[in-house]
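To start, the structure itself, in structure tokens.
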Amino acid sequence: MTEIDMTEYTKDFLKTEEFVKRNIIPADNGGTVCIDGRYSPEQSAGAIRAPGGDFGFIMAIQAELIEQGIASDSARLVEAYLSTVEELRVQPGGHYHSNEHNHEAGRIGCGHIAKASNPDLSHLYFPLTAEHVRNLYDVFHAHESTDQSVLEGTHEESGVLLVHGPGKGAEPKYSVNSLDTQTGEMYFVVDIDRAERFIESIAPILSEKLGLEVNVPGVRSHFMTQLGSTASLLAPSLMQYSVVIGKQGNATVSEAGKVKPADV
Ligand SMILES: [Zn+2]
């Protein structure tokens, strides 16, 4: 029997491809949850995977409004966002999460929000400052229609899955579970195309509620910058994979380079 010379790189790729194929799920647009790999299939079921969950979208919107010189009052923005998702979703409510350890200690448990609210890291989330994030968080955390999951266990993600739909205007109808409960393997999962569509769908409603223009490409750009900053802090050197899922749920996986460590 000939021994196949398989590099670690190839092994990781094949392992990831297998993981994706076993864990494709229908997307239901019922909500948004964080990209954190520890979400069980039940906890994340079909939701849009975006850093920070609903709170992450609010961070991206506020960053864009700050850049335009029209930053919103925190309470007003959170209220407008939550009432917008209530109009659009099957399951209303703004979602975010904590984790066992930090939850007990009364600290912010989602890495995306924790990093962005750290004054020493503000340059990575510019023009959003730690104070902006903190103000938004206080309102969001106290709001009656937000719900927080407490995730168990530690981060063991093997990579970052950047999930795309079929493209050419076709609706992305699938996502990937971040945790395989059979094998215990986990990945960060980001629904790139679904997040973009979500931003497109909320922007006109938010604009009307806030009485200003929420610019879609601007919000998307801040969303990607903030995602990149958090990945560079929490997942430095992890491999990213582009996962394109076609109309019938067939996935094509390809490497998309390693996450560059943050410049801190
Ligand atoms: Zn998180």
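Here's how to read the names in the structure tokens: chain A, B, ... by the order shown, residue numbers from 1 in each chain, ligand numbers from 1 in the order shown.
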
**OP:** For ligand 1, collect every residue having any atom at a distance of at most 12 Å from a ligand atom (counting only C-alpha atoms and all ligand atoms); output as a PyMOL selection string.
**Re:** chain A and resi 32-39+49-56+95-99+108-116+148-151+155+188-190+227+230-231+234

**OP:** Tell me, as a ChimeraX atom specification, which residues lie within 10 Å of segment 14-22 of chain A, counting only C-alpha atoms; anything in the same chain fewer than 6 positions away does not count.
**Re:** /A:8,158-161,175-180,183,185-187,241,243,245,249-255

Please produce an output containing N, CA and C atoms for each residue in the selection, written as a short mmCIF file (atom, residue, chain, number, x, y, z; two decimals), in the first residue's frame.
data_model
loop_
_atom_site.label_atom_id
_atom_site.label_comp_id
_atom_site.auth_asym_id
_atom_site.auth_seq_id
_atom_site.Cartn_x
_atom_site.Cartn_y
_atom_site.Cartn_z
N GLU A 8 -0.64 18.72 6.27
CA GLU A 8 -1.63 19.15 7.27
C GLU A 8 -2.70 20.01 6.60
N SER A 158 -12.04 25.37 14.50
CA SER A 158 -10.96 24.92 13.61
C SER A 158 -10.74 25.85 12.43
N GLY A 159 -11.64 26.81 12.24
CA GLY A 159 -11.50 27.71 11.10
C GLY A 159 -12.69 28.66 11.05
N VAL A 160 -12.71 29.49 10.00
CA VAL A 160 -13.79 30.46 9.82
C VAL A 160 -14.49 30.14 8.50
N LEU A 161 -15.80 29.90 8.55
CA LEU A 161 -16.56 29.62 7.33
C LEU A 161 -17.28 30.88 6.88
N SER A 175 -27.49 27.72 5.38
CA SER A 175 -26.34 28.11 6.20
C SER A 175 -25.66 26.82 6.66
N VAL A 176 -24.73 26.95 7.59
CA VAL A 176 -24.00 25.79 8.10
C VAL A 176 -24.02 25.86 9.63
N ASN A 177 -24.29 24.74 10.28
CA ASN A 177 -24.19 24.70 11.75
C ASN A 177 -22.75 24.97 12.15
N SER A 178 -22.56 25.67 13.26
CA SER A 178 -21.18 25.93 13.69
C SER A 178 -20.62 24.78 14.53
N LEU A 179 -21.51 24.00 15.14
CA LEU A 179 -21.06 22.91 16.02
C LEU A 179 -21.64 21.59 15.54
N ASP A 180 -20.76 20.61 15.36
CA ASP A 180 -21.22 19.26 15.03
C ASP A 180 -21.30 18.49 16.35
N THR A 183 -19.34 15.01 16.52
CA THR A 183 -17.88 14.95 16.59
C THR A 183 -17.28 15.99 17.53
N GLU A 185 -16.64 18.95 16.68
CA GLU A 185 -15.90 19.96 15.89
C GLU A 185 -16.70 21.25 15.81
N MET A 186 -15.99 22.38 15.79
CA MET A 186 -16.70 23.65 15.62
C MET A 186 -15.93 24.64 14.75
N TYR A 187 -16.68 25.52 14.09
CA TYR A 187 -16.12 26.58 13.23
C TYR A 187 -16.85 27.88 13.53
N TYR A 241 -12.45 29.83 5.11
CA TYR A 241 -12.91 29.07 3.95
C TYR A 241 -14.12 29.76 3.36
N VAL A 243 -17.46 29.31 1.52
CA VAL A 243 -18.42 28.22 1.32
C VAL A 243 -19.55 28.78 0.46
N ILE A 245 -22.96 28.03 -1.32
CA ILE A 245 -24.02 27.02 -1.31
C ILE A 245 -25.04 27.35 -2.41
N GLY A 249 -28.65 23.43 -2.35
CA GLY A 249 -27.98 23.10 -1.09
C GLY A 249 -26.65 22.38 -1.27
N ASN A 250 -26.11 22.41 -2.48
CA ASN A 250 -24.81 21.80 -2.74
C ASN A 250 -23.71 22.83 -2.47
N ALA A 251 -22.69 22.43 -1.69
CA ALA A 251 -21.67 23.40 -1.27
C ALA A 251 -20.34 23.22 -1.97
N THR A 252 -19.70 24.33 -2.30
CA THR A 252 -18.34 24.31 -2.82
C THR A 252 -17.46 25.05 -1.80
N VAL A 253 -16.44 24.37 -1.32
CA VAL A 253 -15.57 24.95 -0.28
C VAL A 253 -14.22 25.29 -0.89
N SER A 254 -13.69 26.48 -0.59
CA SER A 254 -12.33 26.79 -1.03
C SER A 254 -11.63 27.63 0.03
N GLU A 255 -10.30 27.54 0.07
CA GLU A 255 -9.57 28.30 1.07
C GLU A 255 -9.60 29.78 0.73
#

**OP:** Mind the document's chain letters and residue numbers, and return as a PyMOL selection string the residues of segment 27-247 of chain A that DSSP labels alpha helix (DSSP H).
**Re:** chain A and resi 41-44+54-67+74-88+100-105+111-116+130-142+192-210+216-234

**OP:** Determine the nearest neighbour of Gly246 of chain A from the options A:Arg89, A:Arg76, A:Lys260, A:Lys173, counting only C-alpha atoms.
**Re:** A:Lys173

Original post:
Counting only C-alpha atoms, which of A:Gly184, A:Pro236, A:Gly30, A:Gly93 gets nearest to Pro261 of chain A?
Top reply: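 Looking at the shortest contact to Pro261 of chain A, the residue is A:Pro236.
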
**OP:** Identify, on the basis of only C-alpha atoms, every residue whose closest approach to segment 204-212 of chain A does not exceed 8 Å; exclude the query and any residue fewer than 6 positions from it along the same chain; express the result as a PyMOL selection string.
**Re:** chain A and resi 76-77+80-81+84

**OP:** Enumerate the residues of segment 168-206 of chain A with a DSSP assignment of strand (DSSP E), computed from the backbone, and present them as number ranges by chain.
**Re:** A: 174-176, 186-191

**OP:** Find, counting only C-alpha atoms, the residue in A:Glu131, A:Glu104, A:Asp138, A:Glu213 that gets nearest to Ala75 of chain A.
**Re:**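 Checking each of A:Glu131, A:Glu104, A:Asp138, A:Glu213 against Ala75 of chain A, counting only C-alpha atoms, the winner is A:Asp138.
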
Subject >> Phe140 of chain A surroundings by only C-alpha atoms, 9 Å radius, close-in-sequence under 5 positions cut, as a PyMOL selection string >> reply: chain A and resi 55+74-75+78-79+94+135+145-146

Original post:
Which residues come within 10 Å of His222 of chain A, counting only C-alpha atoms, excluding same-chain residues fewer than 5 positions away, as number ranges by chain?
Top reply: A: 57, 59-64, 67, 125-128, 217, 227-228

Put those residues in a file: N, CA and C atoms, as a PDB file, in the first residue's frame.
ATOM      1  N   PHE A  57     -25.000  44.238  14.257  1.00  0.00           N
ATOM      2  CA  PHE A  57     -25.565  45.072  13.181  1.00  0.00           C
ATOM      3  C   PHE A  57     -25.741  46.513  13.667  1.00  0.00           C
ATOM      4  N   MET A  59     -23.909  47.995  15.848  1.00  0.00           N
ATOM      5  CA  MET A  59     -22.558  48.586  15.845  1.00  0.00           C
ATOM      6  C   MET A  59     -22.170  49.066  14.446  1.00  0.00           C
ATOM      7  N   ALA A  60     -22.495  48.266  13.437  1.00  0.00           N
ATOM      8  CA  ALA A  60     -22.131  48.635  12.059  1.00  0.00           C
ATOM      9  C   ALA A  60     -22.929  49.849  11.589  1.00  0.00           C
ATOM     10  N   ILE A  61     -24.204  49.888  11.960  1.00  0.00           N
ATOM     11  CA  ILE A  61     -25.060  51.021  11.560  1.00  0.00           C
ATOM     12  C   ILE A  61     -24.573  52.309  12.231  1.00  0.00           C
ATOM     13  N   GLN A  62     -24.286  52.222  13.530  1.00  0.00           N
ATOM     14  CA  GLN A  62     -23.828  53.425  14.240  1.00  0.00           C
ATOM     15  C   GLN A  62     -22.496  53.927  13.660  1.00  0.00           C
ATOM     16  N   ALA A  63     -21.595  52.994  13.315  1.00  0.00           N
ATOM     17  CA  ALA A  63     -20.302  53.407  12.735  1.00  0.00           C
ATOM     18  C   ALA A  63     -20.528  54.198  11.446  1.00  0.00           C
ATOM     19  N   GLU A  64     -21.460  53.724  10.629  1.00  0.00           N
ATOM     20  CA  GLU A  64     -21.748  54.420   9.370  1.00  0.00           C
ATOM     21  C   GLU A  64     -22.370  55.795   9.633  1.00  0.00           C
ATOM     22  N   GLU A  67     -19.699  58.158  10.699  1.00  0.00           N
ATOM     23  CA  GLU A  67     -18.895  58.578   9.559  1.00  0.00           C
ATOM     24  C   GLU A  67     -19.587  59.661   8.731  1.00  0.00           C
ATOM     25  N   TYR A 125     -11.785  49.651  15.471  1.00  0.00           N
ATOM     26  CA  TYR A 125     -13.222  49.762  15.175  1.00  0.00           C
ATOM     27  C   TYR A 125     -13.595  51.189  14.753  1.00  0.00           C
ATOM     28  N   PHE A 126     -12.601  51.999  14.479  1.00  0.00           N
ATOM     29  CA  PHE A 126     -12.811  53.388  14.083  1.00  0.00           C
ATOM     30  C   PHE A 126     -13.859  53.473  12.954  1.00  0.00           C
ATOM     31  N   PRO A 127     -14.780  54.416  12.971  1.00  0.00           N
ATOM     32  CA  PRO A 127     -14.915  55.557  13.891  1.00  0.00           C
ATOM     33  C   PRO A 127     -15.738  55.252  15.147  1.00  0.00           C
ATOM     34  N   LEU A 128     -16.120  53.993  15.333  1.00  0.00           N
ATOM     35  CA  LEU A 128     -16.862  53.628  16.531  1.00  0.00           C
ATOM     36  C   LEU A 128     -15.884  53.617  17.710  1.00  0.00           C
ATOM     37  N   PRO A 217     -24.243  50.463   1.400  1.00  0.00           N
ATOM     38  CA  PRO A 217     -22.839  50.067   1.208  1.00  0.00           C
ATOM     39  C   PRO A 217     -21.954  50.488   2.382  1.00  0.00           C
ATOM     40  N   LEU A 227     -16.027  42.918  11.595  1.00  0.00           N
ATOM     41  CA  LEU A 227     -15.837  41.463  11.565  1.00  0.00           C
ATOM     42  C   LEU A 227     -14.350  41.130  11.466  1.00  0.00           C
ATOM     43  N   GLY A 228     -13.672  41.808  10.550  1.00  0.00           N
ATOM     44  CA  GLY A 228     -12.244  41.562  10.348  1.00  0.00           C
ATOM     45  C   GLY A 228     -11.434  41.874  11.598  1.00  0.00           C
TER      46      GLY A 228
END

**OP:** Kindly give the distance, in Å, that separates atom CA of Glu157 of chain A and atom CA of Gln43 of chain A, rounded to a single decimal.
**Re:** 16.9 Å

Original post:
How many Å separate atom CA of Ser201 of chain A from atom CA of Pro166 of chain A?
Top reply: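 That distance, rounded to one decimal, is 18.6 Å.
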